[in-house]
file data.cif (mmCIF, C-alpha atoms and all ligand atoms)
data_target
loop_
_atom_site.label_atom_id
_atom_site.label_comp_id
_atom_site.auth_asym_id
_atom_site.auth_seq_id
_atom_site.Cartn_x
_atom_site.Cartn_y
_atom_site.Cartn_z
CA MET A 976 52.22 25.79 63.90
CA LEU A 977 55.19 28.08 63.61
CA THR A 978 54.12 31.61 64.37
CA ASN A 979 56.18 34.54 65.59
CA CYS A 980 59.29 32.76 64.46
CA GLN A 981 62.10 34.52 62.72
CA ILE A 982 64.90 33.36 60.47
CA ASN A 983 67.49 36.08 59.98
CA ASN A 984 65.43 39.05 58.83
CA PHE A 985 62.43 36.95 57.75
CA GLN A 986 59.43 36.91 60.07
CA ILE A 987 57.34 33.78 59.49
CA THR A 988 53.67 34.67 59.47
CA SER A 989 51.87 31.46 58.44
CA GLN A 990 52.25 28.06 56.86
CA ILE A 991 50.95 28.09 53.28
CA GLY A 992 51.84 24.67 51.99
CA SER A 993 52.81 21.23 53.07
CA GLY A 994 54.20 18.69 50.66
CA ALA A 995 55.68 15.26 50.80
CA TYR A 996 58.91 16.25 52.41
CA GLY A 997 58.74 20.00 52.84
CA LEU A 998 56.78 22.83 54.37
CA VAL A 999 56.16 26.22 52.80
CA PHE A 1000 55.78 29.36 54.91
CA HIS A 1001 54.75 32.91 54.20
CA ALA A 1002 57.31 35.35 55.55
CA VAL A 1003 57.92 39.08 55.61
CA ASP A 1004 61.32 40.73 55.46
CA ILE A 1005 61.27 42.95 58.55
CA ILE A 1006 63.62 45.43 56.90
CA THR A 1007 62.06 45.85 53.45
CA GLU A 1008 58.58 44.54 54.32
CA ASN A 1009 58.66 42.47 51.13
CA GLU A 1010 56.80 39.18 51.21
CA TYR A 1011 58.51 35.84 50.60
CA ALA A 1012 57.70 32.16 50.52
CA ILE A 1013 60.15 30.05 52.50
CA LYS A 1014 60.23 26.34 51.78
CA ALA A 1015 61.79 24.16 54.46
CA VAL A 1016 63.19 21.02 52.88
CA VAL A 1017 64.04 17.93 54.88
CA LYS A 1018 67.71 17.08 54.96
CA SER A 1019 67.60 13.39 54.44
CA SER A 1020 69.69 10.57 53.09
CA SER A 1021 66.57 8.52 52.35
CA LEU A 1022 65.72 10.32 49.13
CA ASN A 1023 65.52 8.60 45.79
CA ASP A 1024 67.07 9.65 42.46
CA PHE A 1025 64.46 12.35 42.11
CA GLY A 1026 65.28 13.75 45.54
CA LYS A 1027 62.04 12.36 47.01
CA PRO A 1028 61.47 10.01 49.95
CA THR A 1029 61.76 6.37 49.01
CA THR A 1030 59.29 5.13 51.58
CA ASP A 1031 55.52 5.64 51.60
CA ASP A 1032 55.64 7.59 54.86
CA ASN A 1033 55.52 10.81 52.82
CA ILE A 1034 52.97 12.58 54.93
CA LYS A 1035 54.80 11.69 58.10
CA LYS A 1036 58.00 13.29 56.77
CA SER A 1037 56.60 16.81 56.60
CA THR A 1038 54.63 16.29 59.80
CA VAL A 1039 57.79 15.15 61.53
CA LEU A 1040 59.62 18.15 60.11
CA GLN A 1041 56.88 20.43 61.43
CA THR A 1042 57.31 19.10 64.95
CA GLN A 1043 61.09 19.16 64.74
CA LEU A 1044 61.07 22.74 63.48
CA TYR A 1045 58.77 23.78 66.30
CA HIS A 1046 61.19 22.47 68.92
CA PHE A 1047 64.20 23.76 67.01
CA PHE A 1048 62.82 27.30 66.92
CA LYS A 1049 61.73 27.06 70.54
CA SER A 1050 65.21 26.10 71.68
CA PHE A 1051 66.53 29.32 70.09
CA GLN A 1052 63.77 31.57 71.50
CA ASN A 1053 62.04 31.46 68.08
CA LYS A 1054 64.88 33.32 66.38
CA LEU A 1055 67.30 31.51 64.10
CA PHE A 1056 70.39 33.09 62.65
CA LEU A 1057 71.39 30.91 59.74
CA PRO A 1058 74.22 31.09 57.23
CA THR A 1059 73.36 31.60 53.57
CA VAL A 1060 74.68 29.25 50.94
CA ASP A 1061 76.19 30.72 47.80
CA LEU A 1062 73.67 30.13 45.00
CA ASP A 1063 76.36 29.65 42.34
CA SER A 1064 78.04 26.95 44.39
CA ILE A 1065 74.77 24.96 44.45
CA GLN A 1066 74.33 25.31 40.71
CA CYS A 1067 77.82 23.95 40.19
CA LEU A 1068 77.25 20.74 42.17
CA ASP A 1069 77.83 17.69 40.00
CA ASN A 1070 75.69 14.56 40.01
CA ALA A 1071 77.90 12.76 42.52
CA GLU A 1072 77.69 15.69 44.94
CA LEU A 1073 73.95 15.97 44.47
CA ALA A 1074 73.63 12.26 45.20
CA ARG A 1075 75.26 12.92 48.57
CA ALA A 1076 73.00 15.91 49.25
CA PRO A 1077 69.78 15.02 47.39
CA HIS A 1078 67.75 17.82 48.95
CA TYR A 1079 69.94 20.24 46.98
CA LYS A 1080 68.82 18.74 43.69
CA GLU A 1081 65.51 20.62 43.62
CA ILE A 1082 67.33 23.86 44.38
CA ALA A 1083 70.05 23.28 41.77
CA MET A 1084 67.42 22.58 39.10
CA GLN A 1085 65.36 25.66 39.90
CA LEU A 1086 68.46 27.85 40.01
CA LYS A 1087 69.38 26.76 36.48
CA VAL A 1088 66.09 28.15 35.14
CA HIS A 1089 64.80 30.75 37.61
CA SER A 1090 66.00 33.70 35.52
CA HIS A 1091 62.95 33.13 33.31
CA GLU A 1092 60.07 35.46 34.16
CA ASN A 1093 57.65 32.57 34.49
CA VAL A 1094 59.74 30.52 36.90
CA CYS A 1095 59.59 31.27 40.61
CA THR A 1096 62.74 33.14 41.66
CA ILE A 1097 64.97 31.86 44.46
CA HIS A 1098 66.58 34.65 46.51
CA GLN A 1099 68.49 32.87 49.26
CA ILE A 1100 69.30 29.45 50.59
CA LEU A 1101 69.65 29.24 54.36
CA GLU A 1102 71.23 26.23 55.99
CA SER A 1103 70.38 24.71 59.37
CA PRO A 1104 71.23 21.30 60.84
CA LEU A 1105 67.58 20.27 60.52
CA ALA A 1106 66.42 21.64 57.19
CA THR A 1107 67.45 23.75 54.25
CA PHE A 1108 65.34 26.88 53.78
CA ILE A 1109 64.64 28.15 50.25
CA VAL A 1110 63.64 31.81 50.19
CA MET A 1111 61.54 32.50 47.09
CA ASP A 1112 59.21 35.12 45.70
CA TYR A 1113 55.83 34.84 47.37
CA ILE A 1114 53.14 34.29 44.75
CA PRO A 1115 49.69 34.36 46.34
CA LEU A 1116 47.49 32.19 44.09
CA ASP A 1117 47.95 28.69 42.74
CA LEU A 1118 46.39 27.61 39.46
CA PHE A 1119 44.31 24.88 41.09
CA THR A 1120 42.55 27.38 43.36
CA ALA A 1121 42.20 29.82 40.46
CA ILE A 1122 40.54 27.25 38.19
CA VAL A 1123 38.44 25.29 40.65
CA ASP A 1124 37.56 27.58 43.53
CA ARG A 1125 37.51 30.93 41.77
CA GLU A 1126 36.46 29.79 38.28
CA TYR A 1127 38.90 32.42 37.19
CA PHE A 1128 39.09 31.32 33.57
CA ALA A 1129 35.47 30.36 32.90
CA ASN A 1130 34.68 33.62 31.11
CA ASN A 1131 38.03 34.70 29.83
CA GLY A 1132 39.55 32.94 26.83
CA LEU A 1133 42.36 35.44 26.52
CA LEU A 1134 43.40 34.75 30.08
CA VAL A 1135 43.42 31.01 29.32
CA LYS A 1136 45.74 31.72 26.42
CA LYS A 1137 48.00 34.01 28.42
CA VAL A 1138 48.44 31.62 31.33
CA PHE A 1139 48.81 28.54 29.17
CA LEU A 1140 51.35 30.21 26.86
CA GLN A 1141 53.39 31.51 29.78
CA LEU A 1142 53.45 28.03 31.25
CA CYS A 1143 54.61 26.64 27.88
CA SER A 1144 57.20 29.39 27.68
CA ALA A 1145 58.57 28.50 31.13
CA LEU A 1146 58.77 24.83 30.17
CA ASP A 1147 60.40 25.65 26.86
CA HIS A 1148 63.06 27.63 28.71
CA CYS A 1149 63.59 24.78 31.19
CA GLN A 1150 63.97 22.25 28.39
CA HIS A 1151 66.48 24.43 26.59
CA LYS A 1152 68.48 24.60 29.81
CA GLY A 1153 68.30 20.80 30.00
CA VAL A 1154 65.87 20.74 32.94
CA PHE A 1155 62.68 18.67 32.73
CA HIS A 1156 60.06 19.51 35.37
CA CYS A 1157 58.20 16.15 35.51
CA ASP A 1158 55.50 17.36 37.90
CA ILE A 1159 53.45 19.80 35.85
CA LYS A 1160 50.11 20.23 37.61
CA PRO A 1161 48.01 23.27 38.60
CA GLU A 1162 49.22 23.19 42.22
CA ASN A 1163 52.75 23.84 40.96
CA VAL A 1164 51.78 26.79 38.80
CA LEU A 1165 51.44 30.05 40.72
CA LEU A 1166 49.76 33.26 39.55
CA ASP A 1167 50.79 36.73 40.66
CA SER A 1168 48.46 39.72 40.98
CA ASN A 1169 48.97 40.53 37.28
CA ASP A 1170 47.97 36.98 36.29
CA ASN A 1171 51.52 36.06 35.36
CA VAL A 1172 52.68 32.47 35.75
CA HIS A 1173 55.45 31.41 38.14
CA LEU A 1174 56.33 27.74 37.86
CA CYS A 1175 57.43 26.21 41.18
CA ASP A 1176 58.28 22.87 42.81
CA PHE A 1177 61.23 21.43 40.94
CA GLY A 1178 61.33 18.55 43.43
CA LEU A 1179 60.86 15.89 40.74
CA SER A 1180 62.75 17.60 37.97
CA THR A 1181 65.61 15.93 36.21
CA THR A 1182 68.28 16.56 33.62
CA CYS A 1183 67.75 13.09 32.13
CA GLN A 1184 66.59 13.49 28.54
CA TYR A 1185 65.09 10.02 28.61
CA LEU A 1186 63.23 8.16 31.34
CA ALA A 1187 62.61 4.46 31.70
CA PRO A 1188 59.05 3.29 30.98
CA ASN A 1189 56.71 3.03 33.98
CA VAL A 1190 58.93 5.33 36.06
CA CYS A 1191 55.76 6.70 37.67
CA ILE A 1192 56.87 10.20 38.53
CA GLY A 1193 54.43 13.07 38.70
CA SER A 1194 50.79 13.21 39.74
CA SER A 1195 48.42 10.64 38.33
CA TYR A 1196 45.94 12.99 36.65
CA TYR A 1197 48.76 14.61 34.71
CA MET A 1198 51.11 11.69 34.19
CA ALA A 1199 51.77 10.56 30.63
CA PRO A 1200 50.80 6.93 29.88
CA GLU A 1201 54.37 5.81 29.24
CA ARG A 1202 55.31 6.93 32.75
CA ILE A 1203 52.54 4.81 34.28
CA LEU A 1204 52.26 1.67 32.23
CA TYR A 1205 53.92 0.99 28.94
CA THR A 1206 51.95 -1.66 27.10
CA SER A 1207 52.27 -1.29 23.36
CA GLY A 1208 55.20 -2.10 21.10
CA ASN A 1209 58.05 -4.40 21.79
CA LYS A 1210 58.91 -4.06 25.46
CA ASP A 1211 62.27 -5.74 25.04
CA THR A 1212 63.53 -3.06 22.69
CA VAL A 1213 62.09 -0.06 24.54
CA THR A 1214 64.45 1.21 27.16
CA SER A 1215 63.38 4.80 27.59
CA PHE A 1216 61.14 7.65 26.46
CA PRO A 1217 61.83 11.35 26.00
CA THR A 1218 61.27 13.23 29.24
CA SER A 1219 60.18 16.41 27.44
CA THR A 1220 57.15 14.85 25.77
CA GLY A 1221 55.89 13.59 29.13
CA ASP A 1222 55.62 17.21 30.25
CA VAL A 1223 53.79 18.08 27.02
CA TRP A 1224 51.18 15.45 27.94
CA SER A 1225 50.65 17.15 31.32
CA LEU A 1226 50.14 20.45 29.49
CA GLY A 1227 47.32 18.86 27.51
CA VAL A 1228 45.52 17.90 30.72
CA ILE A 1229 46.08 21.41 32.11
CA LEU A 1230 44.58 22.91 28.93
CA ILE A 1231 41.47 20.80 29.58
CA ASN A 1232 41.43 21.98 33.22
CA LEU A 1233 41.60 25.62 32.11
CA CYS A 1234 38.84 25.32 29.52
CA CYS A 1235 36.48 22.79 31.10
CA ILE A 1236 37.26 22.82 34.88
CA ARG A 1237 37.49 19.07 34.62
CA ASN A 1238 39.96 16.28 34.33
CA PRO A 1239 39.54 13.83 31.46
CA TRP A 1240 40.55 10.77 33.51
CA LEU A 1241 42.00 9.79 36.85
CA LYS A 1242 45.07 8.25 35.28
CA ALA A 1243 46.24 7.41 31.78
CA HIS A 1244 46.19 3.69 32.51
CA GLN A 1245 44.30 1.44 30.15
CA THR A 1246 43.25 -1.27 32.56
CA GLU A 1247 42.67 0.87 35.64
CA ASP A 1248 40.82 3.76 34.02
CA SER A 1249 37.87 3.05 31.73
CA THR A 1250 37.70 6.56 30.29
CA PHE A 1251 41.32 6.48 29.28
CA ASN A 1252 40.79 3.02 27.84
CA TYR A 1253 37.90 4.36 25.72
CA TYR A 1254 40.06 7.27 24.68
CA THR A 1255 42.83 5.03 23.35
CA LYS A 1256 40.27 3.21 21.22
CA ASN A 1257 38.38 6.27 20.08
CA PRO A 1258 39.71 9.75 20.95
CA SER A 1259 36.37 11.35 20.04
CA VAL A 1260 35.23 10.20 23.47
CA LEU A 1261 36.78 13.50 24.60
CA LYS A 1262 34.05 15.37 22.72
CA ARG A 1263 31.39 13.36 24.52
CA ILE A 1264 32.73 13.90 28.01
CA LEU A 1265 34.03 17.45 27.67
CA PRO A 1266 32.41 20.56 26.16
CA VAL A 1267 35.40 21.12 23.86
CA SER A 1268 35.10 22.76 20.44
CA ASP A 1269 36.14 20.84 17.34
CA GLU A 1270 39.35 22.83 16.98
CA LEU A 1271 40.37 22.37 20.60
CA TYR A 1272 39.54 18.68 20.28
CA SER A 1273 41.82 18.37 17.23
CA LEU A 1274 44.64 20.03 19.14
CA LEU A 1275 44.09 17.93 22.27
CA VAL A 1276 44.36 14.76 20.22
CA ARG A 1277 47.73 15.93 18.92
CA ILE A 1278 48.92 16.65 22.46
CA LEU A 1279 47.48 13.56 24.12
CA GLN A 1280 49.07 11.07 21.75
CA VAL A 1281 49.72 7.79 23.54
CA ASP A 1282 52.93 7.40 21.55
CA PRO A 1283 55.28 9.99 23.10
CA TYR A 1284 57.14 10.37 19.80
CA SER A 1285 53.94 11.42 18.01
CA ARG A 1286 53.08 14.26 20.40
CA ILE A 1287 53.07 17.84 19.19
CA ASP A 1288 56.22 19.75 20.11
CA LEU A 1289 56.08 22.64 22.57
CA ARG A 1290 56.67 25.48 20.11
CA SER A 1291 54.00 24.22 17.66
CA LEU A 1292 51.63 23.81 20.59
CA MET A 1293 52.13 27.44 21.59
CA LYS A 1294 51.50 28.63 18.05
CA GLU A 1295 48.34 26.55 17.72
CA VAL A 1296 46.91 27.72 21.03
CA ALA A 1297 47.53 31.34 20.02
CA GLU A 1298 45.56 30.73 16.83
CA LEU A 1299 42.56 28.94 18.35
CA GLU A 1300 39.24 30.72 17.90
CA SER A 1301 37.21 28.64 20.32
CA PHE A 1302 37.82 26.42 23.32
CA THR A 1303 34.31 25.16 23.98
CA VAL A 1304 31.18 24.50 21.94
CA GLU A 1305 29.06 26.94 23.91
CA GLY A 1306 29.42 29.69 26.46
CA PRO A 1307 32.02 32.43 26.95
CA LEU A 1308 34.94 30.28 25.80
CA SER A 1309 33.27 29.40 22.48
CA ASN A 1310 34.56 32.59 20.93
CA VAL A 1311 38.19 33.43 21.66
CA PRO A 1312 40.31 36.02 19.88
CA GLN A 1313 43.31 34.81 17.90
CA LEU A 1314 46.50 36.41 19.16
CA ASP A 1315 48.25 38.76 16.82
CA GLU A 1316 52.02 38.99 17.08
CA LYS A 1317 51.88 41.99 19.40
CA LEU A 1318 49.55 40.40 21.94
CA TYR A 1319 51.44 37.11 21.73
CA ASP A 1320 54.67 38.93 22.53
CA THR A 1321 52.97 40.84 25.32
CA PHE A 1322 51.93 37.55 26.90
CA ILE A 1323 55.24 35.81 26.45
CA THR A 1324 57.90 38.44 26.70
CA GLY A 1325 56.25 41.83 26.71
CA ASP A 1326 54.99 44.25 29.29
CA ARG A 1327 54.30 42.00 32.26
CA GLY A 1328 53.21 44.90 34.42
CA MET A 1329 49.95 45.24 32.54
CA CYS A 1330 47.20 43.09 33.93
CA LEU A 1331 45.14 41.37 31.26
CA ARG A 1332 41.98 42.37 33.05
CA GLU A 1333 43.04 45.99 32.64
CA MET A 1334 43.66 45.42 28.96
CA LEU A 1335 40.25 43.83 28.54
CA LYS A 1336 38.55 46.75 30.21
CA GLU A 1337 39.60 48.74 27.18
CA GLY A 1338 37.62 46.31 25.01
CA SER A 1339 33.90 46.04 24.47
CA GLU A 1340 31.21 45.26 27.02
CA GLU A 1341 30.98 41.79 25.50
CA ASP A 1342 34.38 40.98 26.92
CA GLU A 1343 32.94 41.19 30.40
CA CYS A 1344 31.04 37.95 30.19
CA VAL A 1345 28.51 36.87 32.77
CA SER A 1346 29.28 33.78 34.78
CA GLU A 1347 27.74 30.73 33.25
CA THR A 1348 28.54 27.06 33.56
CA THR A 1349 29.13 25.30 30.30
CA PRO A 1350 26.67 22.50 29.65
CA CYS A 1351 28.09 19.05 29.39
CA GLU A 1352 26.78 15.50 29.25
CA SER A 1353 25.98 14.10 32.64
CA ASP A 1354 27.61 11.09 34.27
CA GLU A 1355 24.23 9.43 34.11
CA GLU A 1356 23.93 9.79 30.34
CA TRP A 1357 27.43 8.44 29.97
CA SER A 1358 26.70 5.47 32.19
CA LYS A 1359 23.73 4.54 30.01
CA GLN A 1360 25.95 4.33 26.97
CA PHE A 1361 29.20 3.01 28.35
CA GLY A 1362 28.28 1.50 31.70
CA ALA A 1363 30.91 3.49 33.57
CA SER A 1364 31.19 6.98 34.93
CA PRO A 1365 34.19 8.45 33.18
CA PHE A 1366 34.44 11.88 34.61
CA MET A 1367 33.47 13.91 37.58
CA GLN A 1368 33.45 17.46 38.73
CA TRP A 1369 37.07 18.03 39.45
CA ALA A 1370 36.56 19.84 42.71
CA GLY A 1371 34.65 16.92 44.17
CA ASN A 1372 37.67 14.71 43.90
CA LEU A 1373 40.32 16.75 45.57
CA SER A 1374 41.30 13.97 47.91
CA THR A 1375 42.01 11.76 44.94
CA VAL A 1376 44.65 14.19 43.76
CA THR A 1377 46.66 13.46 46.86
CA ASN A 1378 45.86 9.76 46.95
CA PHE A 1379 47.00 9.22 43.41
CA SER A 1380 49.99 11.47 43.74
CA PHE A 1381 53.36 9.83 43.29
CA ARG A 1382 54.44 11.34 46.57
N1 LIG B 1 56.73 30.72 46.05
C1 LIG B 1 55.54 30.39 46.55
N2 LIG B 1 54.62 31.33 46.84
C2 LIG B 1 53.42 30.99 47.36
N3 LIG B 1 53.03 29.73 47.62
C3 LIG B 1 53.90 28.75 47.34
C4 LIG B 1 55.20 29.02 46.82
N4 LIG B 1 55.84 27.84 46.65
C5 LIG B 1 54.99 26.90 47.06
N5 LIG B 1 53.83 27.42 47.49
C6 LIG B 1 52.65 26.71 48.00
O1 LIG B 1 53.06 25.58 48.74
C7 LIG B 1 52.58 24.38 48.12
C8 LIG B 1 53.62 23.29 48.28
O2 LIG B 1 54.81 23.71 47.65
P1 LIG B 1 55.71 22.70 46.82
O3 LIG B 1 54.86 22.05 45.78
O4 LIG B 1 56.93 23.40 46.36
O5 LIG B 1 56.08 21.68 47.99
P2 LIG B 1 56.24 20.11 47.92
O6 LIG B 1 56.76 19.71 49.25
O7 LIG B 1 57.06 19.72 46.75
O8 LIG B 1 54.72 19.71 47.72
P3 LIG B 1 54.12 18.45 46.96
O9 LIG B 1 54.70 17.24 47.59
O10 LIG B 1 52.62 18.59 47.20
O11 LIG B 1 54.47 18.64 45.51
C9 LIG B 1 52.29 24.77 46.66
O12 LIG B 1 51.29 23.96 46.08
C10 LIG B 1 51.83 26.21 46.80
O13 LIG B 1 50.46 26.26 47.14
#
call {"tool": "encode", "arguments": {"input": "data.cif", "output": "structure tokens"}}
result
Amino acid sequence: MLTNCQINNFQITSQIGSGAYGLVFHAVDIITENEYAIKAVVKSSSLNDFGKPTTDDNIKKSTVLQTQLYHFFKSFQNKLFLPTVDLDSIQCLDNAELARAPHYKEIAMQLKVHSHENVCTIHQILESPLATFIVMDYIPLDLFTAIVDREYFANNGLLVKKVFLQLCSALDHCQHKGVFHCDIKPENVLLDSNDNVHLCDFGLSTTCQYLAPNVCIGSSYYMAPERILYTSGNKDTVTSFPTSTGDVWSLGVILINLCCIRNPWLKAHQTEDSTFNYYTKNPSVLKRILPVSDELYSLLVRILQVDPYSRIDLRSLMKEVAELESFTVEGPLSNVPQLDEKLYDTFITGDRGMCLREMLKEGSEEDECVSETTPCESDEEWSKQFGASPFMQWAGNLSTVTNFSFR
């Protein structure tokens, strides 16, 4: 563990994340006392086109980096003085240059889009012989913890709308800048103390508008079917699929997470996942396994279209979510206010300083719903009908998230 270590004016206080090839630290600027997240990224030549390790020793990479960093800091009495890299010069790197320095790809992508309020801001890049350090805004809560551990959204339909629309808005901005995230999942969506979204981890992002079928990038729960296994149509004529619609698929799964605290399937693979297989034959299976309202169901079916060309576009999705009046059949999310233009703008572009919880306090007592779990069919009932257990409490399968992850 790196403690009491300092990089320039940043005091590292704790490690807050560990990914496939990087480590994320909490740090405090000793001059301003502002908090930051510093991501240490491995400098490696063994990264693939997406800037990720090509071998399956992913876990070892960040563990190795941890040990190397420990010794590196120690050899400099725990104080490193590192040069900063000009942010504009990274943004200007062309594909050939990024191929020679693949760990810069993630940074270059994020820099292209980080001016958006819902994308995590990069402040500095610090260079060392061992790793590149990305100094970003520190955002204390990730969406996975908020949904699963804190059940943050269970009683608050407006908050579901706000967070989902901000995430869509961030992605819309990225796509208009020609950046496709490709790893949309709750762990990569951070929430600040005013419940505003900050999209992070551009490690798999790409500027390619089309991806080859079966490219298998992302995390299995959230990965669109064409990225896992393309089975329908004429394979010989299909060379690629739009990258943007793959991210829209992931948004559909996140909308289910927000409203139901569940995942619909482990992976959108017809032969390896029976629930997904049922879904492709009869989408109404979603209504049997999830407590979704009819209107949310209709929208989900338009998002989770197996044919990527038939999926709803991002802007229409945002409009439809704003207009929904219910997310679930019963419970606090069964009655959700439609967003008028003013509230929609407040969520997307408006006064970000105002916490939604504060706004709701101004509303009626009914807005402060009591905690209640939404009833849903049990695994057992499902098994009787279909002979397979299609879904599970999400939190009970945390390890699977990592196991199925591309990384
Ligand atoms: N700016 C930030 N503020 C607070 N926490 C952060 C920040 N950036 C990342 N984290 C935390 O660190 C974790 C890992 O970060 P990130 O996803 O960028 O690393 P990674 O190496 O790409 O990980 P993975 O391989 O799991 O995708 C995140 O899930 C989040 O919990």
call {"tool": "residues_around", "arguments": {"input": "data.cif", "residues": "A:Lys1152", "least_positions_apart": "3", "cutoff": "12 Å", "atoms": "only C-alpha atoms", "output": "PyMOL selection string"}}
result
chain A and resi 1084-1091+1145-1149+1155-1156+1181-1184+1219
call {"tool": "residues_around", "arguments": {"input": "data.cif", "residues": "A:Asp1222", "least_positions_apart": "6", "cutoff": "10 Å", "atoms": "only C-alpha atoms", "output": "VMD selection string"}}
result
chain A and resid 1143 1146 1150 1155 to 1160 1193 1197 to 1199 1289
call {"tool": "residues_around", "arguments": {"input": "data.cif", "residues": "A:Ile1065", "least_positions_apart": "3", "cutoff": "8 Å", "atoms": "only C-alpha atoms", "output": "list in words"}}
result
Val1060, Asp1061, Leu1062, Leu1068, Tyr1079, Ile1082 and Ala1083 of chain A
call {"tool": "write_last_selection", "arguments": {"input": "data.cif", "atoms": "C-alpha atoms", "output": "mmCIF file, in the frame of the given file"}}
result
data_model
loop_
_atom_site.group_PDB
_atom_site.id
_atom_site.type_symbol
_atom_site.label_atom_id
_atom_site.label_comp_id
_atom_site.auth_asym_id
_atom_site.auth_seq_id
_atom_site.Cartn_x
_atom_site.Cartn_y
_atom_site.Cartn_z
ATOM 1 C CA VAL A 1060 74.680 29.250 50.940
ATOM 2 C CA ASP A 1061 76.190 30.720 47.800
ATOM 3 C CA LEU A 1062 73.670 30.130 45.000
ATOM 4 C CA LEU A 1068 77.250 20.740 42.170
ATOM 5 C CA TYR A 1079 69.940 20.240 46.980
ATOM 6 C CA ILE A 1082 67.330 23.860 44.380
ATOM 7 C CA ALA A 1083 70.050 23.280 41.770
#
call {"tool": "closest_atom_pairs", "arguments": {"input": "data.cif", "of": "chain A", "to": "ligand LIG 1 (chain B)", "cutoff": "8 Å", "atoms": "only C-alpha atoms and all ligand atoms", "output": "JSON lines"}}
result
{"residue": "A:Ile991", "atom": "CA", "partner": "B:LIG1", "partner_atom": "O1", "distance": 5.6}
{"residue": "A:Gly992", "atom": "CA", "partner": "B:LIG1", "partner_atom": "O1", "distance": 3.6}
{"residue": "A:Ser993", "atom": "CA", "partner": "B:LIG1", "partner_atom": "C8", "distance": 5.3}
{"residue": "A:Gly994", "atom": "CA", "partner": "B:LIG1", "partner_atom": "O6", "distance": 3.1}
{"residue": "A:Ala995", "atom": "CA", "partner": "B:LIG1", "partner_atom": "O9", "distance": 3.9}
{"residue": "A:Tyr996", "atom": "CA", "partner": "B:LIG1", "partner_atom": "O6", "distance": 5.2}
{"residue": "A:Gly997", "atom": "CA", "partner": "B:LIG1", "partner_atom": "O6", "distance": 4.1}
{"residue": "A:Leu998", "atom": "CA", "partner": "B:LIG1", "partner_atom": "O6", "distance": 6.0}
{"residue": "A:Val999", "atom": "CA", "partner": "B:LIG1", "partner_atom": "O1", "distance": 5.1}
{"residue": "A:Phe1000", "atom": "CA", "partner": "B:LIG1", "partner_atom": "O1", "distance": 7.7}
{"residue": "A:His1001", "atom": "CA", "partner": "B:LIG1", "partner_atom": "C2", "distance": 7.2}
{"residue": "A:Tyr1011", "atom": "CA", "partner": "B:LIG1", "partner_atom": "N2", "distance": 7.0}
{"residue": "A:Ala1012", "atom": "CA", "partner": "B:LIG1", "partner_atom": "N1", "distance": 4.8}
{"residue": "A:Ile1013", "atom": "CA", "partner": "B:LIG1", "partner_atom": "N1", "distance": 7.3}
{"residue": "A:Lys1014", "atom": "CA", "partner": "B:LIG1", "partner_atom": "N4", "distance": 6.9}
{"residue": "A:Val1016", "atom": "CA", "partner": "B:LIG1", "partner_atom": "O6", "distance": 7.5}
{"residue": "A:Ser1037", "atom": "CA", "partner": "B:LIG1", "partner_atom": "O6", "distance": 7.9}
{"residue": "A:Cys1095", "atom": "CA", "partner": "B:LIG1", "partner_atom": "N1", "distance": 6.2}
{"residue": "A:Thr1096", "atom": "CA", "partner": "B:LIG1", "partner_atom": "N1", "distance": 7.8}
{"residue": "A:Met1111", "atom": "CA", "partner": "B:LIG1", "partner_atom": "N1", "distance": 5.2}
{"residue": "A:Asp1112", "atom": "CA", "partner": "B:LIG1", "partner_atom": "N1", "distance": 5.1}
{"residue": "A:Tyr1113", "atom": "CA", "partner": "B:LIG1", "partner_atom": "N2", "distance": 3.8}
{"residue": "A:Ile1114", "atom": "CA", "partner": "B:LIG1", "partner_atom": "N2", "distance": 3.9}
{"residue": "A:Pro1115", "atom": "CA", "partner": "B:LIG1", "partner_atom": "C2", "distance": 5.1}
{"residue": "A:Leu1116", "atom": "CA", "partner": "B:LIG1", "partner_atom": "C2", "distance": 6.9}
{"residue": "A:Asp1117", "atom": "CA", "partner": "B:LIG1", "partner_atom": "O13", "distance": 5.6}
{"residue": "A:Asp1158", "atom": "CA", "partner": "B:LIG1", "partner_atom": "O11", "distance": 7.8}
{"residue": "A:Glu1162", "atom": "CA", "partner": "B:LIG1", "partner_atom": "O12", "distance": 4.4}
{"residue": "A:Asn1163", "atom": "CA", "partner": "B:LIG1", "partner_atom": "O12", "distance": 5.3}
{"residue": "A:Val1164", "atom": "CA", "partner": "B:LIG1", "partner_atom": "O12", "distance": 7.8}
{"residue": "A:Leu1165", "atom": "CA", "partner": "B:LIG1", "partner_atom": "C2", "distance": 7.0}
{"residue": "A:Cys1175", "atom": "CA", "partner": "B:LIG1", "partner_atom": "O4", "distance": 5.9}
{"residue": "A:Asp1176", "atom": "CA", "partner": "B:LIG1", "partner_atom": "O4", "distance": 3.8}
{"residue": "A:Phe1177", "atom": "CA", "partner": "B:LIG1", "partner_atom": "O4", "distance": 7.2}
{"residue": "A:Gly1178", "atom": "CA", "partner": "B:LIG1", "partner_atom": "O7", "distance": 5.5}
{"residue": "A:Thr1377", "atom": "CA", "partner": "B:LIG1", "partner_atom": "O10", "distance": 7.9}
{"residue": "A:Arg1382", "atom": "CA", "partner": "B:LIG1", "partner_atom": "O9", "distance": 6.0}
call {"tool": "atom_distance", "arguments": {"input": "data.cif", "atom1": "atom CA of A:Ser1050", "atom2": "atom CA of A:Glu1010"}}
result
25.7 Å
call {"tool": "atom_distance", "arguments": {"input": "data.cif", "atom1": "atom CA of A:Glu1092", "atom2": "atom CA of A:Asp1320"}}
result
13.3 Å
call {"tool": "closest_residue", "arguments": {"input": "data.cif", "among": "A:Ile982, A:Arg1075, A:Phe1216, A:Ser1064", "to": "A:Phe1051", "atoms": "all atoms listed in the file"}}
result
A:Ile982
